[in-house]
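With mmCIF, C-alpha atoms (C1' of nucleotides) inside, this is final-v8.cif:
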data_my_file
#
loop_
_atom_site.label_atom_id
_atom_site.label_comp_id
_atom_site.auth_asym_id
_atom_site.auth_seq_id
_atom_site.Cartn_x
_atom_site.Cartn_y
_atom_site.Cartn_z
CA MET V 1 -96.88 -204.71 -87.77
CA GLY V 2 -98.69 -201.49 -88.47
CA ARG V 3 -101.56 -200.00 -86.57
CA THR V 4 -103.98 -202.45 -84.96
CA SER V 5 -107.24 -202.81 -86.81
CA LEU V 6 -110.40 -201.42 -85.29
CA LYS V 7 -112.54 -203.09 -87.93
CA ASP V 8 -114.64 -205.31 -85.68
CA ILE V 9 -115.23 -202.61 -83.10
CA ARG V 10 -116.04 -199.87 -85.57
CA GLN V 11 -118.31 -202.06 -87.66
CA LYS V 12 -120.34 -202.91 -84.59
CA GLU V 13 -120.48 -199.26 -83.58
CA ILE V 14 -121.64 -198.26 -87.03
CA ILE V 15 -124.35 -200.88 -87.15
CA LEU V 16 -125.59 -199.91 -83.73
CA ALA V 17 -125.72 -196.27 -84.86
CA PHE V 18 -127.47 -197.37 -88.05
CA TYR V 19 -130.07 -199.12 -85.92
CA THR V 20 -130.46 -196.16 -83.57
CA VAL V 21 -130.89 -193.66 -86.36
CA SER V 22 -133.32 -196.00 -88.17
CA LYS V 23 -135.34 -196.26 -85.00
CA LYS V 24 -135.66 -192.51 -84.88
CA ILE V 25 -136.21 -191.52 -88.50
CA GLY V 26 -136.96 -194.81 -90.24
CA LEU V 27 -134.73 -197.29 -91.99
CA GLU V 28 -135.52 -195.71 -95.36
CA ASN V 29 -134.20 -192.34 -94.18
CA ALA V 30 -131.10 -193.57 -92.39
CA SER V 31 -128.45 -192.46 -94.86
CA LEU V 32 -124.71 -192.82 -94.48
CA ALA V 33 -124.46 -189.11 -93.80
CA ARG V 34 -127.08 -189.25 -91.04
CA VAL V 35 -125.48 -192.25 -89.40
CA ALA V 36 -122.05 -190.65 -89.58
CA SER V 37 -123.40 -187.39 -88.21
CA HIS V 38 -125.00 -189.26 -85.33
CA MET V 39 -121.63 -190.85 -84.55
CA GLY V 40 -119.72 -187.60 -84.96
CA ILE V 41 -117.50 -189.09 -87.64
CA ASN V 42 -116.89 -188.49 -91.29
CA PRO V 43 -119.21 -190.30 -93.74
CA SER V 44 -116.25 -191.64 -95.63
CA LEU V 45 -115.15 -193.48 -92.53
CA ILE V 46 -118.26 -195.61 -92.85
CA ALA V 47 -117.33 -196.28 -96.45
CA HIS V 48 -113.94 -197.35 -95.15
CA TYR V 49 -115.47 -200.07 -92.98
CA PHE V 50 -118.31 -201.05 -95.28
CA LYS V 51 -117.50 -201.10 -98.94
CA THR V 52 -121.08 -200.39 -99.92
CA ARG V 53 -124.27 -199.40 -98.24
CA ASP V 54 -125.58 -202.88 -98.97
CA ALA V 55 -122.79 -204.33 -96.85
CA MET V 56 -123.79 -202.10 -93.97
CA PHE V 57 -127.39 -203.12 -94.45
CA ALA V 58 -126.39 -206.78 -94.35
CA GLY V 59 -124.79 -205.99 -91.01
CA LEU V 60 -128.02 -204.53 -89.74
CA ILE V 61 -129.93 -207.62 -90.80
CA ALA V 62 -127.48 -209.82 -88.90
CA PHE V 63 -127.76 -207.55 -85.87
CA THR V 64 -131.55 -207.68 -86.08
CA LEU V 65 -131.60 -211.45 -86.16
CA GLU V 66 -129.19 -211.67 -83.24
CA ARG V 67 -131.45 -209.48 -81.15
CA TYR V 68 -134.49 -211.40 -82.26
CA ARG V 69 -132.88 -214.61 -81.13
CA ASP V 70 -131.96 -213.10 -77.79
CA MET V 71 -135.54 -212.05 -77.30
CA TYR V 72 -136.68 -215.62 -77.07
CA ASN V 73 -134.53 -217.01 -74.34
CA ILE V 74 -135.84 -220.51 -74.76
CA ASN V 75 -133.05 -222.76 -73.60
CA GLY V 76 -131.79 -222.95 -70.09
CA GLY V 77 -134.21 -225.29 -68.35
CA ASP V 78 -134.51 -229.01 -68.04
CA PHE V 79 -138.29 -228.75 -67.74
CA LYS V 80 -138.66 -231.22 -64.95
CA THR V 81 -141.38 -229.20 -63.29
CA GLU V 82 -144.47 -227.45 -64.54
CA ARG V 83 -143.08 -224.29 -63.02
CA GLN V 84 -140.14 -224.29 -65.41
CA LEU V 85 -142.37 -224.78 -68.42
CA ARG V 86 -144.68 -222.02 -67.28
CA LYS V 87 -141.70 -219.76 -66.94
CA LEU V 88 -140.79 -220.43 -70.53
CA ILE V 89 -144.29 -219.51 -71.69
CA ASP V 90 -144.20 -216.43 -69.50
CA ASN V 91 -140.99 -215.47 -71.19
CA LEU V 92 -142.35 -215.97 -74.69
CA PHE V 93 -145.35 -213.81 -73.90
CA SER V 94 -143.49 -211.17 -71.95
CA ARG V 95 -143.24 -207.56 -73.06
CA ARG V 96 -139.46 -207.80 -73.11
CA TRP V 97 -139.61 -207.69 -76.89
CA ASN V 98 -140.55 -204.05 -77.03
CA LYS V 99 -137.59 -202.99 -75.00
CA LEU V 100 -134.99 -205.04 -76.81
CA PHE V 101 -135.69 -204.04 -80.36
CA ASP V 102 -137.69 -201.44 -82.18
CA ASP V 103 -140.62 -202.99 -84.00
CA GLY V 104 -140.56 -200.41 -86.76
CA VAL V 105 -136.98 -201.25 -87.65
CA PHE V 106 -137.69 -204.93 -87.33
CA TYR V 107 -140.65 -204.99 -89.69
CA SER V 108 -138.78 -202.80 -92.16
CA CYS V 109 -136.06 -205.42 -92.20
CA TYR V 110 -138.59 -208.21 -92.37
CA ALA V 111 -140.17 -206.56 -95.42
CA TYR V 112 -136.91 -207.10 -97.27
CA THR V 113 -137.38 -210.86 -97.05
CA TYR V 114 -139.97 -210.55 -99.78
CA ARG V 115 -137.46 -209.19 -102.25
CA GLU V 116 -134.15 -210.62 -101.12
CA LYS V 117 -133.92 -214.37 -101.18
CA LYS V 118 -130.83 -214.47 -99.00
CA ILE V 119 -132.49 -212.37 -96.33
CA LYS V 120 -135.61 -214.48 -96.49
CA LYS V 121 -133.51 -217.59 -96.01
CA ALA V 122 -131.76 -216.11 -92.98
CA PHE V 123 -135.05 -215.11 -91.38
CA ARG V 124 -136.53 -218.49 -92.13
CA ALA V 125 -133.56 -220.29 -90.59
CA LEU V 126 -133.83 -218.30 -87.39
CA HIS V 127 -137.55 -218.86 -87.04
CA ASP V 128 -137.22 -222.56 -87.69
CA SER V 129 -134.46 -222.76 -85.14
CA LEU V 130 -136.65 -221.02 -82.55
CA ARG V 131 -139.45 -223.44 -83.30
CA GLY V 132 -137.00 -226.30 -82.99
CA MET V 133 -135.96 -225.10 -79.56
CA LEU V 134 -139.55 -224.95 -78.41
CA VAL V 135 -140.16 -228.44 -79.75
CA ASP V 136 -137.18 -229.68 -77.74
CA ALA V 137 -138.47 -227.98 -74.63
CA LEU V 138 -141.89 -229.52 -75.09
CA LYS V 139 -140.40 -232.96 -75.65
CA LYS V 140 -138.33 -232.68 -72.51
CA ALA V 141 -141.36 -231.60 -70.54
CA LYS V 142 -143.34 -234.49 -71.95
CA ALA V 143 -140.59 -236.98 -71.16
CA ASN V 144 -140.62 -235.63 -67.62
CA GLY V 145 -144.35 -236.08 -67.34
CA VAL V 146 -145.02 -232.36 -67.05
CA ILE V 147 -147.35 -232.34 -70.04
CA GLN V 148 -149.17 -234.97 -72.07
CA ILE V 149 -149.52 -233.66 -75.59
CA GLN V 150 -149.49 -235.61 -78.81
CA LYS V 151 -147.92 -233.51 -81.56
CA GLU V 152 -145.12 -231.37 -80.23
CA GLU V 153 -144.24 -229.91 -83.64
CA GLU V 154 -147.78 -228.80 -84.37
CA THR V 155 -148.20 -227.37 -80.90
CA ALA V 156 -144.98 -225.41 -81.23
CA GLU V 157 -146.10 -224.02 -84.58
CA ILE V 158 -149.40 -222.91 -83.14
CA ILE V 159 -147.85 -221.33 -80.09
CA PHE V 160 -145.46 -219.34 -82.24
CA ALA V 161 -148.25 -218.27 -84.55
CA LEU V 162 -150.09 -217.02 -81.47
CA ILE V 163 -147.03 -215.14 -80.27
CA GLU V 164 -146.16 -213.60 -83.60
CA GLY V 165 -149.74 -212.79 -84.44
CA ALA V 166 -150.22 -211.26 -81.03
CA TYR V 167 -147.16 -209.03 -81.33
CA TYR V 168 -148.16 -207.97 -84.82
CA TYR V 169 -151.52 -206.78 -83.57
CA LEU V 170 -150.37 -205.48 -80.22
CA GLY V 171 -147.98 -203.14 -81.97
CA MET V 172 -151.06 -201.08 -82.79
CA VAL V 173 -152.49 -201.10 -79.30
CA GLU V 174 -151.63 -197.95 -77.41
CA SER V 175 -153.37 -198.60 -74.13
CA LYS V 176 -151.14 -200.48 -71.73
CA THR V 177 -154.07 -202.13 -69.96
CA ALA V 178 -155.60 -203.32 -73.24
CA TYR V 179 -152.19 -204.55 -74.31
CA ASP V 180 -151.71 -206.59 -71.15
CA ARG V 181 -155.23 -207.95 -71.22
CA LYS V 182 -154.93 -209.16 -74.80
CA LEU V 183 -151.51 -210.66 -74.23
CA LYS V 184 -152.89 -212.49 -71.22
CA ILE V 185 -155.60 -214.06 -73.36
CA MET V 186 -152.97 -215.36 -75.75
CA LYS V 187 -150.84 -216.73 -72.98
CA LYS V 188 -153.80 -218.45 -71.38
CA LYS V 189 -154.63 -220.09 -74.68
CA ALA V 190 -151.04 -221.25 -75.13
CA LEU V 191 -151.14 -222.87 -71.69
CA GLU V 192 -154.42 -224.54 -72.59
CA LEU V 193 -152.79 -225.98 -75.69
CA LEU V 194 -150.28 -227.61 -73.37
CA GLY V 195 -152.99 -228.84 -71.04
CA LEU V 196 -151.85 -226.50 -68.27
CA MET C 1 -166.72 -174.47 -116.99
CA GLY C 2 -163.20 -175.34 -118.05
CA ARG C 3 -161.75 -178.75 -118.62
CA THR C 4 -163.17 -181.62 -116.57
CA SER C 5 -160.94 -182.69 -113.71
CA LEU C 6 -159.17 -186.02 -113.90
CA LYS C 7 -158.04 -185.74 -110.31
CA ASP C 8 -159.77 -188.81 -108.93
CA ILE C 9 -158.81 -191.00 -111.85
CA ARG C 10 -155.21 -189.88 -112.04
CA GLN C 11 -154.67 -190.07 -108.30
CA LYS C 12 -155.84 -193.66 -108.33
CA GLU C 13 -153.63 -194.45 -111.31
CA ILE C 14 -150.65 -192.90 -109.61
CA ILE C 15 -151.18 -194.77 -106.39
CA LEU C 16 -151.58 -198.02 -108.26
CA ALA C 17 -148.33 -197.32 -110.09
CA PHE C 18 -146.70 -196.39 -106.79
CA TYR C 19 -147.77 -199.75 -105.41
CA THR C 20 -146.62 -201.63 -108.51
CA VAL C 21 -143.20 -200.00 -108.52
CA SER C 22 -142.86 -200.54 -104.76
CA LYS C 23 -143.64 -204.18 -105.25
CA LYS C 24 -140.84 -204.47 -107.75
CA ILE C 25 -138.05 -202.36 -106.22
CA GLY C 26 -139.22 -201.73 -102.68
CA LEU C 27 -141.21 -198.92 -101.15
CA GLU C 28 -138.03 -197.17 -100.06
CA ASN C 29 -136.80 -197.00 -103.66
CA ALA C 30 -140.06 -196.00 -105.29
CA SER C 31 -139.30 -192.36 -106.05
CA LEU C 32 -141.53 -189.93 -107.88
CA ALA C 33 -139.29 -190.19 -110.91
CA ARG C 34 -139.50 -193.99 -110.96
CA VAL C 35 -143.26 -194.00 -110.57
CA ALA C 36 -143.65 -191.37 -113.29
CA SER C 37 -141.32 -193.26 -115.58
CA HIS C 38 -143.33 -196.42 -115.03
CA MET C 39 -146.48 -194.55 -116.03
CA GLY C 40 -144.83 -192.85 -118.98
CA ILE C 41 -145.65 -189.41 -117.65
CA ASN C 42 -143.68 -186.45 -116.41
CA PRO C 43 -142.69 -186.45 -112.72
CA SER C 44 -144.16 -183.02 -112.27
CA LEU C 45 -147.55 -184.39 -113.20
CA ILE C 46 -147.45 -186.42 -110.02
CA ALA C 47 -146.60 -183.26 -108.13
CA HIS C 48 -149.64 -181.73 -109.75
CA TYR C 49 -151.96 -184.35 -108.28
CA PHE C 50 -150.18 -184.81 -104.98
CA LYS C 51 -148.81 -181.67 -103.42
CA THR C 52 -146.10 -183.58 -101.60
CA ARG C 53 -144.67 -187.04 -101.60
CA ASP C 54 -146.19 -187.51 -98.16
CA ALA C 55 -149.64 -186.98 -99.66
CA MET C 56 -148.96 -189.68 -102.22
CA PHE C 57 -147.74 -191.95 -99.48
CA ALA C 58 -150.91 -191.32 -97.51
CA GLY C 59 -152.78 -192.45 -100.62
CA LEU C 60 -150.79 -195.67 -100.69
CA ILE C 61 -151.60 -196.33 -97.05
CA ALA C 62 -155.30 -195.88 -97.76
CA PHE C 63 -155.02 -198.15 -100.79
CA THR C 64 -153.21 -200.75 -98.70
CA LEU C 65 -155.87 -200.76 -96.03
CA GLU C 66 -158.64 -201.03 -98.62
CA ARG C 67 -157.01 -204.09 -100.11
CA TYR C 68 -156.41 -205.51 -96.68
CA ARG C 69 -160.06 -205.16 -95.88
CA ASP C 70 -161.07 -206.78 -99.16
CA MET C 71 -158.86 -209.70 -98.37
CA TYR C 72 -161.00 -210.70 -95.46
CA ASN C 73 -164.40 -211.02 -97.01
CA ILE C 74 -166.10 -211.69 -93.73
CA ASN C 75 -169.64 -210.49 -94.18
CA GLY C 76 -172.14 -211.97 -96.55
CA GLY C 77 -173.49 -214.95 -94.67
CA ASP C 78 -176.19 -215.40 -92.11
CA PHE C 79 -174.34 -218.35 -90.57
CA LYS C 80 -177.35 -220.56 -90.17
CA THR C 81 -175.43 -223.66 -91.10
CA GLU C 82 -172.05 -225.04 -90.10
CA ARG C 83 -171.19 -225.05 -93.77
CA GLN C 84 -171.40 -221.28 -93.94
CA LEU C 85 -169.21 -220.83 -90.91
CA ARG C 86 -166.67 -223.29 -92.28
CA LYS C 87 -166.61 -221.33 -95.50
CA LEU C 88 -165.74 -218.19 -93.57
CA ILE C 89 -162.85 -219.92 -91.85
CA ASP C 90 -161.74 -221.35 -95.19
CA ASN C 91 -161.74 -217.85 -96.54
CA LEU C 92 -159.71 -216.45 -93.67
CA PHE C 93 -157.10 -219.14 -94.08
CA SER C 94 -157.05 -219.13 -97.86
CA ARG C 95 -154.03 -218.17 -99.92
CA ARG C 96 -155.96 -215.39 -101.58
CA TRP C 97 -153.96 -212.93 -99.56
CA ASN C 98 -150.78 -213.49 -101.53
CA LYS C 99 -152.44 -212.69 -104.81
CA LEU C 100 -154.27 -209.57 -103.70
CA PHE C 101 -151.43 -207.66 -102.17
CA ASP C 102 -147.69 -207.84 -102.02
CA ASP C 103 -146.49 -208.72 -98.53
CA GLY C 104 -143.28 -206.75 -98.87
CA VAL C 105 -145.16 -203.56 -99.60
CA PHE C 106 -147.65 -204.31 -96.90
CA TYR C 107 -145.11 -204.83 -94.14
CA SER C 108 -143.18 -201.76 -95.27
CA CYS C 109 -146.37 -199.77 -94.80
CA TYR C 110 -147.09 -201.52 -91.53
CA ALA C 111 -143.64 -200.54 -90.26
CA TYR C 112 -144.66 -196.90 -90.53
CA THR C 113 -147.27 -197.42 -87.83
CA TYR C 114 -144.46 -197.41 -85.31
CA ARG C 115 -143.43 -193.88 -86.19
CA GLU C 116 -146.62 -192.24 -87.45
CA LYS C 117 -149.43 -192.08 -84.94
CA LYS C 118 -152.06 -191.33 -87.56
CA ILE C 119 -151.07 -194.37 -89.60
CA LYS C 120 -151.04 -196.53 -86.51
CA LYS C 121 -154.53 -195.36 -85.67
CA ALA C 122 -155.79 -196.18 -89.17
CA PHE C 123 -154.30 -199.66 -89.06
CA ARG C 124 -155.68 -200.24 -85.60
CA ALA C 125 -159.16 -199.15 -86.65
CA LEU C 126 -159.18 -201.54 -89.58
CA HIS C 127 -157.97 -204.47 -87.53
CA ASP C 128 -160.50 -203.81 -84.80
CA SER C 129 -163.22 -203.57 -87.38
CA LEU C 130 -162.21 -206.93 -88.85
CA ARG C 131 -162.26 -208.47 -85.41
CA GLY C 132 -165.65 -206.92 -84.81
CA MET C 133 -166.98 -208.51 -87.97
CA LEU C 134 -165.71 -211.91 -86.91
CA VAL C 135 -167.29 -211.47 -83.50
CA ASP C 136 -170.62 -210.69 -85.18
CA ALA C 137 -170.30 -213.74 -87.36
CA LEU C 138 -169.56 -215.93 -84.36
CA LYS C 139 -172.48 -214.47 -82.43
CA LYS C 140 -174.82 -215.14 -85.32
CA ALA C 141 -173.58 -218.70 -85.61
CA LYS C 142 -174.03 -219.16 -81.90
CA ALA C 143 -177.53 -217.74 -81.96
CA ASN C 144 -178.31 -220.17 -84.75
CA GLY C 145 -176.99 -223.07 -82.73
CA VAL C 146 -174.12 -223.74 -85.12
CA ILE C 147 -171.52 -223.37 -82.39
CA GLN C 148 -171.54 -223.31 -78.63
CA ILE C 149 -168.67 -221.14 -77.47
CA GLN C 150 -168.53 -218.91 -74.44
CA LYS C 151 -166.39 -215.88 -75.21
CA GLU C 152 -166.82 -214.74 -78.78
CA GLU C 153 -164.49 -211.77 -78.40
CA GLU C 154 -161.63 -213.82 -77.03
CA THR C 155 -162.13 -216.49 -79.64
CA ALA C 156 -162.06 -213.93 -82.42
CA GLU C 157 -158.87 -212.41 -81.04
CA ILE C 158 -157.19 -215.78 -80.92
CA ILE C 159 -158.31 -216.76 -84.40
CA PHE C 160 -156.94 -213.52 -85.82
CA ALA C 161 -153.69 -213.97 -83.95
CA LEU C 162 -153.42 -217.41 -85.53
CA ILE C 163 -154.11 -215.99 -88.98
CA GLU C 164 -151.75 -213.06 -88.70
CA GLY C 165 -149.02 -215.09 -87.04
CA ALA C 166 -149.39 -217.77 -89.66
CA TYR C 167 -149.09 -215.33 -92.56
CA TYR C 168 -146.12 -213.65 -90.94
CA TYR C 169 -144.25 -216.94 -90.75
CA LEU C 170 -145.53 -218.40 -94.00
CA GLY C 171 -144.10 -215.43 -95.85
CA MET C 172 -140.74 -217.09 -95.31
CA VAL C 173 -141.81 -220.54 -96.44
CA GLU C 174 -140.86 -221.18 -100.04
CA SER C 175 -142.14 -224.72 -100.47
CA LYS C 176 -145.75 -224.76 -101.53
CA THR C 177 -146.43 -228.11 -99.89
CA ALA C 178 -144.95 -226.98 -96.58
CA TYR C 179 -146.93 -223.77 -96.86
CA ASP C 180 -150.20 -225.61 -97.37
CA ARG C 181 -149.48 -228.11 -94.65
CA LYS C 182 -148.71 -225.45 -92.07
CA LEU C 183 -151.71 -223.37 -93.04
CA LYS C 184 -153.89 -226.45 -92.67
CA ILE C 185 -152.67 -226.96 -89.13
CA MET C 186 -153.68 -223.41 -88.27
CA LYS C 187 -157.08 -223.79 -89.85
CA LYS C 188 -157.70 -227.04 -88.03
CA LYS C 189 -156.86 -225.39 -84.76
CA ALA C 190 -159.19 -222.48 -85.51
CA LEU C 191 -162.01 -224.92 -86.15
CA GLU C 192 -161.22 -226.70 -82.89
CA LEU C 193 -161.51 -223.40 -81.09
CA LEU C 194 -165.04 -223.18 -82.44
CA GLY C 195 -165.80 -226.75 -81.47
CA LEU C 196 -165.99 -227.84 -85.12
"C1'" DA Q 1 -86.09 -192.99 -86.22
"C1'" DT Q 2 -87.87 -195.19 -90.04
"C1'" DT Q 3 -91.21 -198.25 -91.97
"C1'" DT Q 4 -95.68 -200.10 -92.33
"C1'" DT Q 5 -100.41 -200.43 -91.61
"C1'" DT Q 6 -104.63 -198.61 -90.42
"C1'" DA Q 7 -107.59 -194.58 -88.85
"C1'" DT Q 8 -109.65 -190.58 -90.10
"C1'" DT Q 9 -110.53 -186.46 -92.53
"C1'" DG Q 10 -112.06 -183.61 -96.27
"C1'" DA Q 11 -113.13 -182.56 -100.73
"C1'" DA Q 12 -115.08 -183.86 -104.97
"C1'" DT Q 13 -117.76 -186.84 -107.86
"C1'" DG Q 14 -122.08 -187.69 -110.66
"C1'" DA Q 15 -126.69 -189.28 -109.77
"C1'" DT Q 16 -131.03 -188.79 -107.98
"C1'" DC Q 17 -134.07 -186.83 -104.87
"C1'" DG Q 18 -138.64 -183.84 -104.12
"C1'" DT Q 19 -140.35 -179.54 -105.35
"C1'" DT Q 20 -141.35 -175.28 -108.02
"C1'" DC Q 21 -142.69 -172.71 -111.93
"C1'" DA Q 22 -143.38 -171.08 -116.43
"C1'" DA Q 23 -145.05 -172.62 -120.92
"C1'" DT Q 24 -147.97 -175.17 -123.78
"C1'" DA Q 25 -151.97 -178.25 -124.84
"C1'" DT Q 26 -156.54 -179.65 -124.39
"C1'" DA Q 27 -161.28 -179.72 -123.46
"C1'" DA Q 28 -165.56 -177.82 -121.69
"C1'" DA Q 29 -168.62 -173.62 -121.35
"C1'" DC Q 30 -170.25 -169.48 -123.23
"C1'" DG N 1 -164.08 -168.43 -131.37
"C1'" DT N 2 -163.10 -166.59 -127.09
"C1'" DT N 3 -162.86 -167.64 -122.28
"C1'" DT N 4 -161.75 -170.55 -118.50
"C1'" DA N 5 -160.08 -174.32 -115.98
"C1'" DT N 6 -157.36 -178.23 -115.96
"C1'" DA N 7 -153.79 -181.47 -118.13
"C1'" DT N 8 -149.28 -182.07 -119.19
"C1'" DT N 9 -144.65 -181.00 -120.30
"C1'" DG N 10 -139.99 -179.54 -119.52
"C1'" DA N 11 -136.54 -177.18 -117.34
"C1'" DA N 12 -134.45 -175.73 -113.28
"C1'" DC N 13 -133.84 -175.58 -108.23
"C1'" DG N 14 -131.04 -176.75 -104.09
"C1'" DA N 15 -130.44 -180.72 -101.18
"C1'" DT N 16 -128.91 -185.03 -100.36
"C1'" DC N 17 -127.47 -189.39 -101.82
"C1'" DA N 18 -123.52 -193.27 -102.05
"C1'" DT N 19 -119.05 -193.60 -103.53
"C1'" DT N 20 -114.13 -192.41 -104.63
"C1'" DC N 21 -109.68 -190.68 -103.71
"C1'" DA N 22 -105.95 -188.08 -102.09
"C1'" DA N 23 -103.96 -186.29 -97.84
"C1'" DT N 24 -102.95 -186.43 -93.10
"C1'" DA N 25 -102.72 -188.61 -88.37
"C1'" DA N 26 -101.73 -192.19 -85.32
"C1'" DA N 27 -99.95 -196.40 -83.67
"C1'" DA N 28 -97.38 -200.69 -83.90
"C1'" DA N 29 -93.06 -203.08 -85.46
"C1'" DT N 30 -88.23 -202.98 -86.78
#
Could you render the structure as structure tokens?
Amino acid sequence: MGRTSLKDIRQKEIILAFYTVSKKIGLENASLARVASHMGINPSLIAHYFKTRDAMFAGLIAFTLERYRDMYNINGGDFKTERQLRKLIDNLFSRRWNKLFDDGVFYSCYAYTYREKKIKKAFRALHDSLRGMLVDALKKAKANGVIQIQKEEETAEIIFALIEGAYYYLGMVESKTAYDRKLKIMKKKALELLGL
Amino acid sequence: MGRTSLKDIRQKEIILAFYTVSKKIGLENASLARVASHMGINPSLIAHYFKTRDAMFAGLIAFTLERYRDMYNINGGDFKTERQLRKLIDNLFSRRWNKLFDDGVFYSCYAYTYREKKIKKAFRALHDSLRGMLVDALKKAKANGVIQIQKEEETAEIIFALIEGAYYYLGMVESKTAYDRKLKIMKKKALELLGL
DNA sequence: ATTTTTATTGAATGATCGTTCAATATAAAC
DNA sequence: GTTTATATTGAACGATCATTCAATAAAAAT
């Protein structure tokens, strides 16, 4: 009995607002009061749903990792044709990233991995899982005769290093044409690594 | 006349303390009071040397970029022998990075590039300059017959993407053996790109 | 309609923030 | 030793921080 709990809904709303405010003024400036003000609610309502600010921050980290995972939509193909594999690479090197999550907020969260072991572990697990999915994709493609590479694990590592290194650098590139040109170079190299 | 100014010395001391405190408790928690306390001085002395906190932060950004540049000790060889070129690649893929600058502080600073155009521009300029130096090195090596590659610019871009992507990911890797193994893979691939 | 649970508000807490300013100390120049 | 410029301290400022708690509102169950 009693009133139905809005906990799950409100917590999600708060974290989304936390993200939105962080995007605008920086994670380090996104206080409870600012987030509450942005939502049009009382700051103590946030305290009601998150016992401490740390708990809310943990929620943001989880949200960040979810989005990060969504960004790399790796699964979904059986990789029986070169076309399917190429589509995967296209996806990995697409600009979708920029639209799905703010890089400033992301790297601010990422910076925490160097001080918080638990956060580091969570980031590590996600990245390893993404690499694992790419390895699976490459193995499928190889089994189907689409590619003939030797070391799928190493290739996956290198492709991800290319992707992550590219996005790190491209975050500084303002010109859209330069951005696209540089990304294209990376993608071409990734395809070469696969013998495509 | 009057007392000799300690401005340059003190400003450097303060920024170093700012970095040290940030390394320990995070950039977002490194307040004037904490930095002053760490130095054993009065907080208002910091205000004396930096008009605003933003000015001090600008100093940290400059310090960060200096260190970043130092990390990649690219110049210094004439690249007449393969050995010299290999040493450069060794250097780029060394673990020296970790010891020279804290990654947490660095990525916190880097995150600001997404909100502050001036900071983004400064980061961009440094990275382009580093790429330029690698391109020069590759061109020298090519002129000396050490390597036979076609597109020096593209190769430099890809090598840096490998480096930066590798360090991004390796920041999460706790095991030293795994770290070294993965870094080795990246280095090997960089050498392959050069035909070595 | 009363009970029970949760939602939400609003005020208050003490701590810390960055900044300002007056007062004192110190060192170099005259 | 007086002047002059800078170093440094210490206190105070108002603003904002995260957190706590009591009070009220709303909805579901009996």
For this session: Can you give me, as a ChimeraX atom specification, the residues this file yields under the PyMOL selection byres ((chain Q) within 12 of (chain C))?
Result: /Q:16-21,25-30
Store the residues of this selection in a file with C-alpha atoms (C1' of nucleotides), as an mmCIF file, in the frame of the given file.
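part.cif written:
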data_model
loop_
_atom_site.group_PDB
_atom_site.id
_atom_site.type_symbol
_atom_site.label_atom_id
_atom_site.label_comp_id
_atom_site.auth_asym_id
_atom_site.auth_seq_id
_atom_site.Cartn_x
_atom_site.Cartn_y
_atom_site.Cartn_z
ATOM 1 C "C1'" DT Q 16 -131.030 -188.790 -107.980
ATOM 2 C "C1'" DC Q 17 -134.070 -186.830 -104.870
ATOM 3 C "C1'" DG Q 18 -138.640 -183.840 -104.120
ATOM 4 C "C1'" DT Q 19 -140.350 -179.540 -105.350
ATOM 5 C "C1'" DT Q 20 -141.350 -175.280 -108.020
ATOM 6 C "C1'" DC Q 21 -142.690 -172.710 -111.930
ATOM 7 C "C1'" DA Q 25 -151.970 -178.250 -124.840
ATOM 8 C "C1'" DT Q 26 -156.540 -179.650 -124.390
ATOM 9 C "C1'" DA Q 27 -161.280 -179.720 -123.460
ATOM 10 C "C1'" DA Q 28 -165.560 -177.820 -121.690
ATOM 11 C "C1'" DA Q 29 -168.620 -173.620 -121.350
ATOM 12 C "C1'" DC Q 30 -170.250 -169.480 -123.230
#
For this session: Would you work out the distance separating CA of Asn144 (chain C) from CA of Ile185 (chain C), expressed in Å to one decimal?
Result: 26.9 Å
For this session: Counting only C-alpha atoms, collect the residues of chain V whose closest atom lies at most 10 Å from chain C, and write them out as an NGL selection string.
Result: :V and (23-29 or 102-115 or 117 or 119-125 or 127-128 or 154-155 or 157-174 or 182 or 185-186 or 189 or 193)
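Near chain V, within 8 Å and counting all atoms listed in the file, the residues of chain N are N:DC17, N:DA18, N:DT19, N:DA26, N:DA27, N:DA28, N:DA29.
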Exercise. So how far away is CA of Lys187 (chain C) from CA of Asp90 (chain C), in Å?
Worked result: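 Atom-to-atom, CA of Asp90 (chain C) to CA of Lys187 (chain C), that is 7.5 Å.
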Exercise. Do you know which residues are at most 12 Å from DA25 (chain N) counting all atoms listed in the file, after dropping those on the same chain fewer than 2 positions away, and could you put them as a ChimeraX atom specification?
Worked result: /V:3 /Q:6-9 /N:23,27
Limited to C-alpha atoms (C1' of nucleotides), could you put the picked residues into a file as a short mmCIF file (atom, residue, chain, number, x, y, z; two decimals), in the frame of the given file?
data_model
loop_
_atom_site.label_atom_id
_atom_site.label_comp_id
_atom_site.auth_asym_id
_atom_site.auth_seq_id
_atom_site.Cartn_x
_atom_site.Cartn_y
_atom_site.Cartn_z
CA ARG V 3 -101.56 -200.00 -86.57
"C1'" DT Q 6 -104.63 -198.61 -90.42
"C1'" DA Q 7 -107.59 -194.58 -88.85
"C1'" DT Q 8 -109.65 -190.58 -90.10
"C1'" DT Q 9 -110.53 -186.46 -92.53
"C1'" DA N 23 -103.96 -186.29 -97.84
"C1'" DA N 27 -99.95 -196.40 -83.67
#
For this session: Run the PyMOL selection byres ((chain V and resi 96) around 12) mentally over the shown coordinates, then write out the matched residues as JSON, numbers by chain, using the chain letters and numbers from the document.
Result: {"V": [67, 68, 70, 71, 72, 73, 90, 91, 92, 93, 94, 95, 97, 98, 99, 100, 101, 102, 103, 167]}
For this session: Evaluate the PyMOL selection byres ((chain V and resi 147) around 8) here and jot the selected residues down as a PyMOL selection string.
Result: chain V and resi 82+138+141-142+144-146+148-149+194-196
